[in-house]
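K.L.:
The file below is start_25.txt, compact mmCIF, N, CA and C atoms:
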# COMPACT_ATOMS: atom_id res chain seq x y z
N MET A 1 -2.80 0.33 8.75
CA MET A 1 -1.88 -0.56 8.07
C MET A 1 -2.64 -1.31 6.98
N ASN A 2 -2.02 -1.44 5.82
CA ASN A 2 -2.65 -2.10 4.70
C ASN A 2 -2.58 -3.61 4.85
N ARG A 3 -3.71 -4.26 4.58
CA ARG A 3 -3.76 -5.72 4.60
C ARG A 3 -4.04 -6.21 3.19
N ILE A 4 -3.40 -7.27 2.83
CA ILE A 4 -3.60 -7.88 1.53
C ILE A 4 -4.04 -9.31 1.77
N GLU A 5 -5.12 -9.72 1.11
CA GLU A 5 -5.65 -11.07 1.29
C GLU A 5 -5.33 -11.92 0.06
N ASP A 6 -4.88 -13.15 0.31
CA ASP A 6 -4.63 -14.06 -0.82
C ASP A 6 -5.87 -14.90 -1.09
N ASP A 7 -5.79 -15.79 -2.05
CA ASP A 7 -6.95 -16.59 -2.44
C ASP A 7 -7.34 -17.64 -1.41
N LYS A 8 -6.47 -17.90 -0.43
CA LYS A 8 -6.77 -18.87 0.62
C LYS A 8 -7.37 -18.20 1.87
N GLY A 9 -7.43 -16.88 1.88
CA GLY A 9 -8.01 -16.16 3.01
C GLY A 9 -7.02 -15.66 4.04
N TYR A 10 -5.73 -15.84 3.82
CA TYR A 10 -4.73 -15.33 4.74
C TYR A 10 -4.47 -13.86 4.46
N PHE A 11 -4.23 -13.10 5.53
CA PHE A 11 -3.91 -11.68 5.39
C PHE A 11 -2.40 -11.48 5.54
N TYR A 12 -1.86 -10.54 4.76
CA TYR A 12 -0.44 -10.22 4.79
C TYR A 12 -0.26 -8.72 4.95
N LYS A 13 0.94 -8.34 5.39
CA LYS A 13 1.33 -6.93 5.44
C LYS A 13 2.69 -6.80 4.77
N PHE A 14 2.99 -5.62 4.26
CA PHE A 14 4.29 -5.39 3.64
C PHE A 14 5.37 -5.39 4.70
N ASN A 15 6.52 -6.02 4.41
CA ASN A 15 7.61 -5.99 5.38
C ASN A 15 8.63 -4.91 5.05
N GLY A 16 8.33 -4.09 4.02
CA GLY A 16 9.18 -2.97 3.69
C GLY A 16 10.27 -3.28 2.68
N SER A 17 10.30 -4.50 2.20
CA SER A 17 11.35 -4.89 1.27
C SER A 17 10.80 -5.02 -0.14
N GLU A 18 11.57 -4.53 -1.10
CA GLU A 18 11.21 -4.64 -2.51
C GLU A 18 12.49 -4.74 -3.33
N ARG A 19 12.56 -5.75 -4.20
CA ARG A 19 13.71 -5.93 -5.08
C ARG A 19 13.23 -6.33 -6.47
N LYS A 20 13.76 -5.67 -7.47
CA LYS A 20 13.45 -5.97 -8.87
C LYS A 20 11.94 -6.03 -9.12
N GLY A 21 11.20 -5.13 -8.50
CA GLY A 21 9.76 -5.05 -8.72
C GLY A 21 8.94 -6.06 -7.94
N VAL A 22 9.58 -6.87 -7.10
CA VAL A 22 8.87 -7.86 -6.29
C VAL A 22 8.76 -7.30 -4.87
N ARG A 23 7.52 -7.24 -4.35
CA ARG A 23 7.30 -6.75 -2.99
C ARG A 23 7.08 -7.94 -2.06
N TYR A 24 7.72 -7.91 -0.92
CA TYR A 24 7.68 -9.03 0.01
C TYR A 24 6.72 -8.76 1.16
N LEU A 25 6.01 -9.82 1.57
CA LEU A 25 4.97 -9.73 2.58
C LEU A 25 5.22 -10.72 3.71
N THR A 26 4.70 -10.40 4.90
CA THR A 26 4.69 -11.34 6.01
C THR A 26 3.26 -11.48 6.50
N CYS A 27 2.99 -12.58 7.17
CA CYS A 27 1.64 -12.84 7.68
C CYS A 27 1.24 -11.74 8.65
N TYR A 28 -0.03 -11.37 8.62
CA TYR A 28 -0.55 -10.29 9.45
C TYR A 28 -0.62 -10.69 10.93
N GLN A 29 -0.73 -11.99 11.21
CA GLN A 29 -0.81 -12.44 12.60
C GLN A 29 0.57 -12.38 13.24
N GLN A 30 0.59 -11.99 14.47
CA GLN A 30 1.82 -11.62 15.16
C GLN A 30 2.87 -12.73 15.22
N PHE A 31 2.49 -13.96 15.55
CA PHE A 31 3.48 -15.01 15.79
C PHE A 31 3.57 -16.02 14.65
N CYS A 32 3.00 -15.70 13.51
CA CYS A 32 3.03 -16.61 12.36
C CYS A 32 4.27 -16.35 11.51
N LYS A 33 4.85 -17.40 10.98
CA LYS A 33 6.05 -17.30 10.15
C LYS A 33 5.74 -17.28 8.65
N GLY A 34 4.46 -17.24 8.28
CA GLY A 34 4.08 -17.26 6.87
C GLY A 34 4.56 -16.04 6.11
N SER A 35 4.88 -16.24 4.84
CA SER A 35 5.32 -15.13 4.00
C SER A 35 4.84 -15.35 2.58
N ALA A 36 4.91 -14.29 1.80
CA ALA A 36 4.52 -14.34 0.39
C ALA A 36 5.19 -13.17 -0.32
N SER A 37 4.99 -13.10 -1.62
CA SER A 37 5.51 -11.97 -2.39
C SER A 37 4.52 -11.62 -3.49
N ILE A 38 4.56 -10.37 -3.90
CA ILE A 38 3.73 -9.91 -5.01
C ILE A 38 4.67 -9.70 -6.19
N ARG A 39 4.44 -10.45 -7.25
CA ARG A 39 5.28 -10.38 -8.45
C ARG A 39 4.92 -9.15 -9.28
N GLN A 40 5.69 -8.86 -10.28
CA GLN A 40 5.46 -7.70 -11.13
C GLN A 40 4.12 -7.77 -11.85
N ASN A 41 3.64 -8.97 -12.12
CA ASN A 41 2.35 -9.12 -12.80
C ASN A 41 1.16 -9.04 -11.85
N GLY A 42 1.42 -8.84 -10.54
CA GLY A 42 0.36 -8.66 -9.56
C GLY A 42 -0.06 -9.93 -8.84
N TYR A 43 0.49 -11.07 -9.20
CA TYR A 43 0.13 -12.32 -8.55
C TYR A 43 0.82 -12.44 -7.19
N ILE A 44 0.09 -13.01 -6.22
CA ILE A 44 0.65 -13.28 -4.90
C ILE A 44 1.16 -14.71 -4.90
N VAL A 45 2.44 -14.88 -4.55
CA VAL A 45 3.07 -16.19 -4.53
C VAL A 45 3.47 -16.52 -3.10
N SER A 46 3.09 -17.71 -2.63
CA SER A 46 3.41 -18.11 -1.26
C SER A 46 4.91 -18.32 -1.08
N GLY A 47 5.38 -18.02 0.13
CA GLY A 47 6.77 -18.25 0.50
C GLY A 47 6.82 -19.33 1.56
N LYS A 48 7.14 -18.93 2.78
CA LYS A 48 7.16 -19.87 3.91
C LYS A 48 5.73 -20.25 4.29
N ASP A 49 5.58 -21.48 4.81
CA ASP A 49 4.28 -21.95 5.27
C ASP A 49 3.88 -21.22 6.55
N HIS A 50 2.57 -21.14 6.77
CA HIS A 50 2.05 -20.51 7.99
C HIS A 50 2.22 -21.44 9.18
N SER A 51 2.27 -20.87 10.37
CA SER A 51 2.38 -21.65 11.59
C SER A 51 1.11 -22.48 11.78
N PRO A 52 1.21 -23.61 12.48
CA PRO A 52 0.04 -24.48 12.65
C PRO A 52 -1.15 -23.80 13.33
N ASN A 53 -0.90 -22.86 14.22
CA ASN A 53 -2.00 -22.20 14.94
C ASN A 53 -2.57 -21.02 14.16
N CYS A 54 -2.07 -20.75 12.98
CA CYS A 54 -2.54 -19.65 12.14
C CYS A 54 -3.66 -20.17 11.24
N SER A 55 -4.79 -19.49 11.26
CA SER A 55 -5.89 -19.90 10.39
C SER A 55 -6.35 -18.71 9.56
N PRO A 56 -6.88 -18.95 8.37
CA PRO A 56 -7.33 -17.84 7.52
C PRO A 56 -8.38 -16.97 8.20
N ASN A 57 -8.35 -15.68 7.89
CA ASN A 57 -9.29 -14.69 8.40
C ASN A 57 -9.35 -14.65 9.92
N ASN A 58 -8.27 -15.01 10.59
CA ASN A 58 -8.20 -14.99 12.04
C ASN A 58 -7.59 -13.69 12.56
N ALA A 59 -7.14 -12.82 11.68
CA ALA A 59 -6.44 -11.60 12.09
C ALA A 59 -7.35 -10.67 12.88
N ASP A 60 -8.60 -10.53 12.47
CA ASP A 60 -9.51 -9.65 13.18
C ASP A 60 -9.81 -10.18 14.58
N ASP A 61 -9.97 -11.50 14.72
CA ASP A 61 -10.21 -12.09 16.03
C ASP A 61 -9.03 -11.84 16.96
N GLU A 62 -7.82 -11.92 16.44
CA GLU A 62 -6.62 -11.70 17.24
C GLU A 62 -6.60 -10.27 17.78
N ARG A 63 -6.94 -9.30 16.95
CA ARG A 63 -6.95 -7.90 17.37
C ARG A 63 -8.02 -7.64 18.43
N LEU A 64 -9.18 -8.30 18.30
CA LEU A 64 -10.24 -8.14 19.29
C LEU A 64 -9.82 -8.70 20.64
N ASN A 65 -9.14 -9.84 20.64
CA ASN A 65 -8.70 -10.45 21.89
C ASN A 65 -7.69 -9.58 22.61
N GLU A 66 -6.87 -8.81 21.88
CA GLU A 66 -5.91 -7.92 22.51
C GLU A 66 -6.59 -6.79 23.27
N LYS A 67 -7.76 -6.37 22.82
CA LYS A 67 -8.47 -5.26 23.44
C LYS A 67 -9.26 -5.66 24.68
N ILE A 68 -9.52 -6.97 24.83
CA ILE A 68 -10.32 -7.44 25.97
C ILE A 68 -9.46 -7.56 27.20
Show this structure as structure tokens.
P.N.:
Amino acid sequence: MNRIEDDKGYFYKFNGSERKGVRYLTCYQQFCKGSASIRQNGYIVSGKDHSPNCSPNNADDERLNEKI
């Protein structure tokens, strides 16, 4: 699965939606409500705020904990 990182260190994944050249993203962490979009010029724009327990670059730690 493709991960996209923003300038704050949060990882996103595509949610499968695209309208008028804008691609929509959701936070890579399972229970986070954060969202963003990629505009036609390539900039990532924040949408909904991330959940309080979501921290940047925490996605890899979450995946490791699932395997233990």
K.L.:
Would you mind writing down, as an mmCIF file with N, CA and C atoms, keeping the file's coordinate frame, each residue of chain A that DSSP on the backbone assigns to strand (DSSP E or B)?
P.N.:
data_model
loop_
_atom_site.group_PDB
_atom_site.id
_atom_site.type_symbol
_atom_site.label_atom_id
_atom_site.label_comp_id
_atom_site.auth_asym_id
_atom_site.auth_seq_id
_atom_site.Cartn_x
_atom_site.Cartn_y
_atom_site.Cartn_z
ATOM 1 N N ILE A 4 -3.400 -7.270 2.830
ATOM 2 C CA ILE A 4 -3.600 -7.880 1.530
ATOM 3 C C ILE A 4 -4.040 -9.310 1.770
ATOM 4 N N GLU A 5 -5.120 -9.720 1.110
ATOM 5 C CA GLU A 5 -5.650 -11.070 1.290
ATOM 6 C C GLU A 5 -5.330 -11.920 0.060
ATOM 7 N N PHE A 11 -4.230 -13.100 5.530
ATOM 8 C CA PHE A 11 -3.910 -11.680 5.390
ATOM 9 C C PHE A 11 -2.400 -11.480 5.540
ATOM 10 N N TYR A 12 -1.860 -10.540 4.760
ATOM 11 C CA TYR A 12 -0.440 -10.220 4.790
ATOM 12 C C TYR A 12 -0.260 -8.720 4.950
ATOM 13 N N LYS A 13 0.940 -8.340 5.390
ATOM 14 C CA LYS A 13 1.330 -6.930 5.440
ATOM 15 C C LYS A 13 2.690 -6.800 4.770
ATOM 16 N N PHE A 14 2.990 -5.620 4.260
ATOM 17 C CA PHE A 14 4.290 -5.390 3.640
ATOM 18 C C PHE A 14 5.370 -5.390 4.700
ATOM 19 N N ASN A 15 6.520 -6.020 4.410
ATOM 20 C CA ASN A 15 7.610 -5.990 5.380
ATOM 21 C C ASN A 15 8.630 -4.910 5.050
ATOM 22 N N GLY A 16 8.330 -4.090 4.020
ATOM 23 C CA GLY A 16 9.180 -2.970 3.690
ATOM 24 C C GLY A 16 10.270 -3.280 2.680
ATOM 25 N N SER A 17 10.300 -4.500 2.200
ATOM 26 C CA SER A 17 11.350 -4.890 1.270
ATOM 27 C C SER A 17 10.800 -5.020 -0.140
ATOM 28 N N GLU A 18 11.570 -4.530 -1.100
ATOM 29 C CA GLU A 18 11.210 -4.640 -2.510
ATOM 30 C C GLU A 18 12.490 -4.740 -3.330
ATOM 31 N N ARG A 19 12.560 -5.750 -4.200
ATOM 32 C CA ARG A 19 13.710 -5.930 -5.080
ATOM 33 C C ARG A 19 13.230 -6.330 -6.470
ATOM 34 N N VAL A 22 9.580 -6.870 -7.100
ATOM 35 C CA VAL A 22 8.870 -7.860 -6.290
ATOM 36 C C VAL A 22 8.760 -7.300 -4.870
ATOM 37 N N ARG A 23 7.520 -7.240 -4.350
ATOM 38 C CA ARG A 23 7.300 -6.750 -2.990
ATOM 39 C C ARG A 23 7.080 -7.940 -2.060
ATOM 40 N N TYR A 24 7.720 -7.910 -0.920
ATOM 41 C CA TYR A 24 7.680 -9.030 0.010
ATOM 42 C C TYR A 24 6.720 -8.760 1.160
ATOM 43 N N LEU A 25 6.010 -9.820 1.570
ATOM 44 C CA LEU A 25 4.970 -9.730 2.580
ATOM 45 C C LEU A 25 5.220 -10.720 3.710
ATOM 46 N N THR A 26 4.700 -10.400 4.900
ATOM 47 C CA THR A 26 4.690 -11.340 6.010
ATOM 48 C C THR A 26 3.260 -11.480 6.500
ATOM 49 N N CYS A 27 2.990 -12.580 7.170
ATOM 50 C CA CYS A 27 1.640 -12.840 7.680
ATOM 51 C C CYS A 27 1.240 -11.740 8.650
ATOM 52 N N SER A 35 4.880 -16.240 4.840
ATOM 53 C CA SER A 35 5.320 -15.130 4.000
ATOM 54 C C SER A 35 4.840 -15.350 2.580
ATOM 55 N N ALA A 36 4.910 -14.290 1.800
ATOM 56 C CA ALA A 36 4.520 -14.340 0.390
ATOM 57 C C ALA A 36 5.190 -13.170 -0.320
ATOM 58 N N SER A 37 4.990 -13.100 -1.620
ATOM 59 C CA SER A 37 5.510 -11.970 -2.390
ATOM 60 C C SER A 37 4.520 -11.620 -3.490
ATOM 61 N N ILE A 38 4.560 -10.370 -3.900
ATOM 62 C CA ILE A 38 3.730 -9.910 -5.010
ATOM 63 C C ILE A 38 4.670 -9.700 -6.190
ATOM 64 N N ILE A 44 0.090 -13.010 -6.220
ATOM 65 C CA ILE A 44 0.650 -13.280 -4.900
ATOM 66 C C ILE A 44 1.160 -14.710 -4.900
ATOM 67 N N VAL A 45 2.440 -14.880 -4.550
ATOM 68 C CA VAL A 45 3.070 -16.190 -4.530
ATOM 69 C C VAL A 45 3.470 -16.520 -3.100
ATOM 70 N N SER A 46 3.090 -17.710 -2.630
ATOM 71 C CA SER A 46 3.410 -18.110 -1.260
ATOM 72 C C SER A 46 4.910 -18.320 -1.080
#
K.L.:
What residues in chain A get the DSSP label helix (DSSP H, G or I)? Please answer as a compact mmCIF listing (two decimals) with N, CA and C atoms, in the frame of the given file.
P.N.:
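Written output follows (states33.txt):
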# COMPACT_ATOMS: atom_id res chain seq x y z
N ALA A 59 -7.14 -12.82 11.68
CA ALA A 59 -6.44 -11.60 12.09
C ALA A 59 -7.35 -10.67 12.88
N ASP A 60 -8.60 -10.53 12.47
CA ASP A 60 -9.51 -9.65 13.18
C ASP A 60 -9.81 -10.18 14.58
N ASP A 61 -9.97 -11.50 14.72
CA ASP A 61 -10.21 -12.09 16.03
C ASP A 61 -9.03 -11.84 16.96
N GLU A 62 -7.82 -11.92 16.44
CA GLU A 62 -6.62 -11.70 17.24
C GLU A 62 -6.60 -10.27 17.78
N ARG A 63 -6.94 -9.30 16.95
CA ARG A 63 -6.95 -7.90 17.37
C ARG A 63 -8.02 -7.64 18.43
N LEU A 64 -9.18 -8.30 18.30
CA LEU A 64 -10.24 -8.14 19.29
C LEU A 64 -9.82 -8.70 20.64
N ASN A 65 -9.14 -9.84 20.64
CA ASN A 65 -8.70 -10.45 21.89
C ASN A 65 -7.69 -9.58 22.61
N GLU A 66 -6.87 -8.81 21.88
CA GLU A 66 -5.91 -7.92 22.51
C GLU A 66 -6.59 -6.79 23.27
N LYS A 67 -7.76 -6.37 22.82
CA LYS A 67 -8.47 -5.26 23.44
C LYS A 67 -9.26 -5.66 24.68
K.L.:
If I wrap all listed atoms of segment 49-57 of chain A in a box with edges along x, y and z and add 5 Å on each side, what are its centre and edge lengths in Å to one decimal, as AutoDock Vina command-line options?
P.N.:
--center_x -1.9 --center_y -19.6 --center_z 9.9 --size_x 24.9 --size_y 19.8 --size_z 20.1
K.L.:
Rank A:Pro56, A:Arg23, A:Asp49, A:Phe11 by their smallest atom-to-atom distance to Ser35 of chain A, using all atoms listed in the file, and report the top residue only.
P.N.:
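Checking each candidate against Ser35 of chain A, we get A:Asp49 as the closest.
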K.L.:
Measure the distance from atom CA of Val22 of chain A to atom C of Cys54 of chain A in Å and round it to one decimal.
P.N.:
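These two atoms are separated by 24.8 Å.
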K.L.:
One number please: atom CA of Asp6 of chain A to atom CA of Arg19 of chain A, in Å, one decimal.
P.N.:
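Distance between the two atoms: 20.5 Å.
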K.L.:
Distance atom CA of Asn41 of chain A-atom C of Lys20 of chain A, one decimal place?
P.N.:
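These two atoms are separated by 10.7 Å.
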K.L.:
With all atoms listed in the file as the basis for distance, which of A:Gly34, A:Ser55, A:Tyr28, A:Gly42 is at the shortest distance from Lys13 of chain A?
P.N.:
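Closest to Lys13 of chain A, using all atoms listed in the file: A:Tyr28.
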K.L.:
For Lys48 of chain A, which residue among A:Ile4, A:Glu18, A:Tyr12, A:Lys33 is the nearest when counting only C-alpha atoms?
P.N.:
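Residue with the minimum atom-to-atom distance to Lys48 of chain A: A:Lys33.
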K.L.:
When you look at Phe31 of chain A with a cut-off of 8 Å (counting only N, CA and C atoms), what residues show up, excluding the ones that are within fewer than 6 positions of it in the same chain? I need them as a list in words.
P.N.:
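The residues satisfying every condition are His50, Ser51, Asn53 and Cys54 of chain A.
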K.L.:
Once you have the residues from the selection above, write them out as a CSV table (one decimal), in the frame of the given file, restricted to N, CA and C atoms.
P.N.:
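Output below, filename again-v8.csv:
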chain,number,residue,atom,x,y,z
A,50,HIS,N,2.6,-21.1,6.8
A,50,HIS,CA,2.0,-20.5,8.0
A,50,HIS,C,2.2,-21.4,9.2
A,51,SER,N,2.3,-20.9,10.4
A,51,SER,CA,2.4,-21.6,11.6
A,51,SER,C,1.1,-22.5,11.8
A,53,ASN,N,-0.9,-22.9,14.2
A,53,ASN,CA,-2.0,-22.2,14.9
A,53,ASN,C,-2.6,-21.0,14.2
A,54,CYS,N,-2.1,-20.8,13.0
A,54,CYS,CA,-2.5,-19.6,12.1
A,54,CYS,C,-3.7,-20.2,11.2
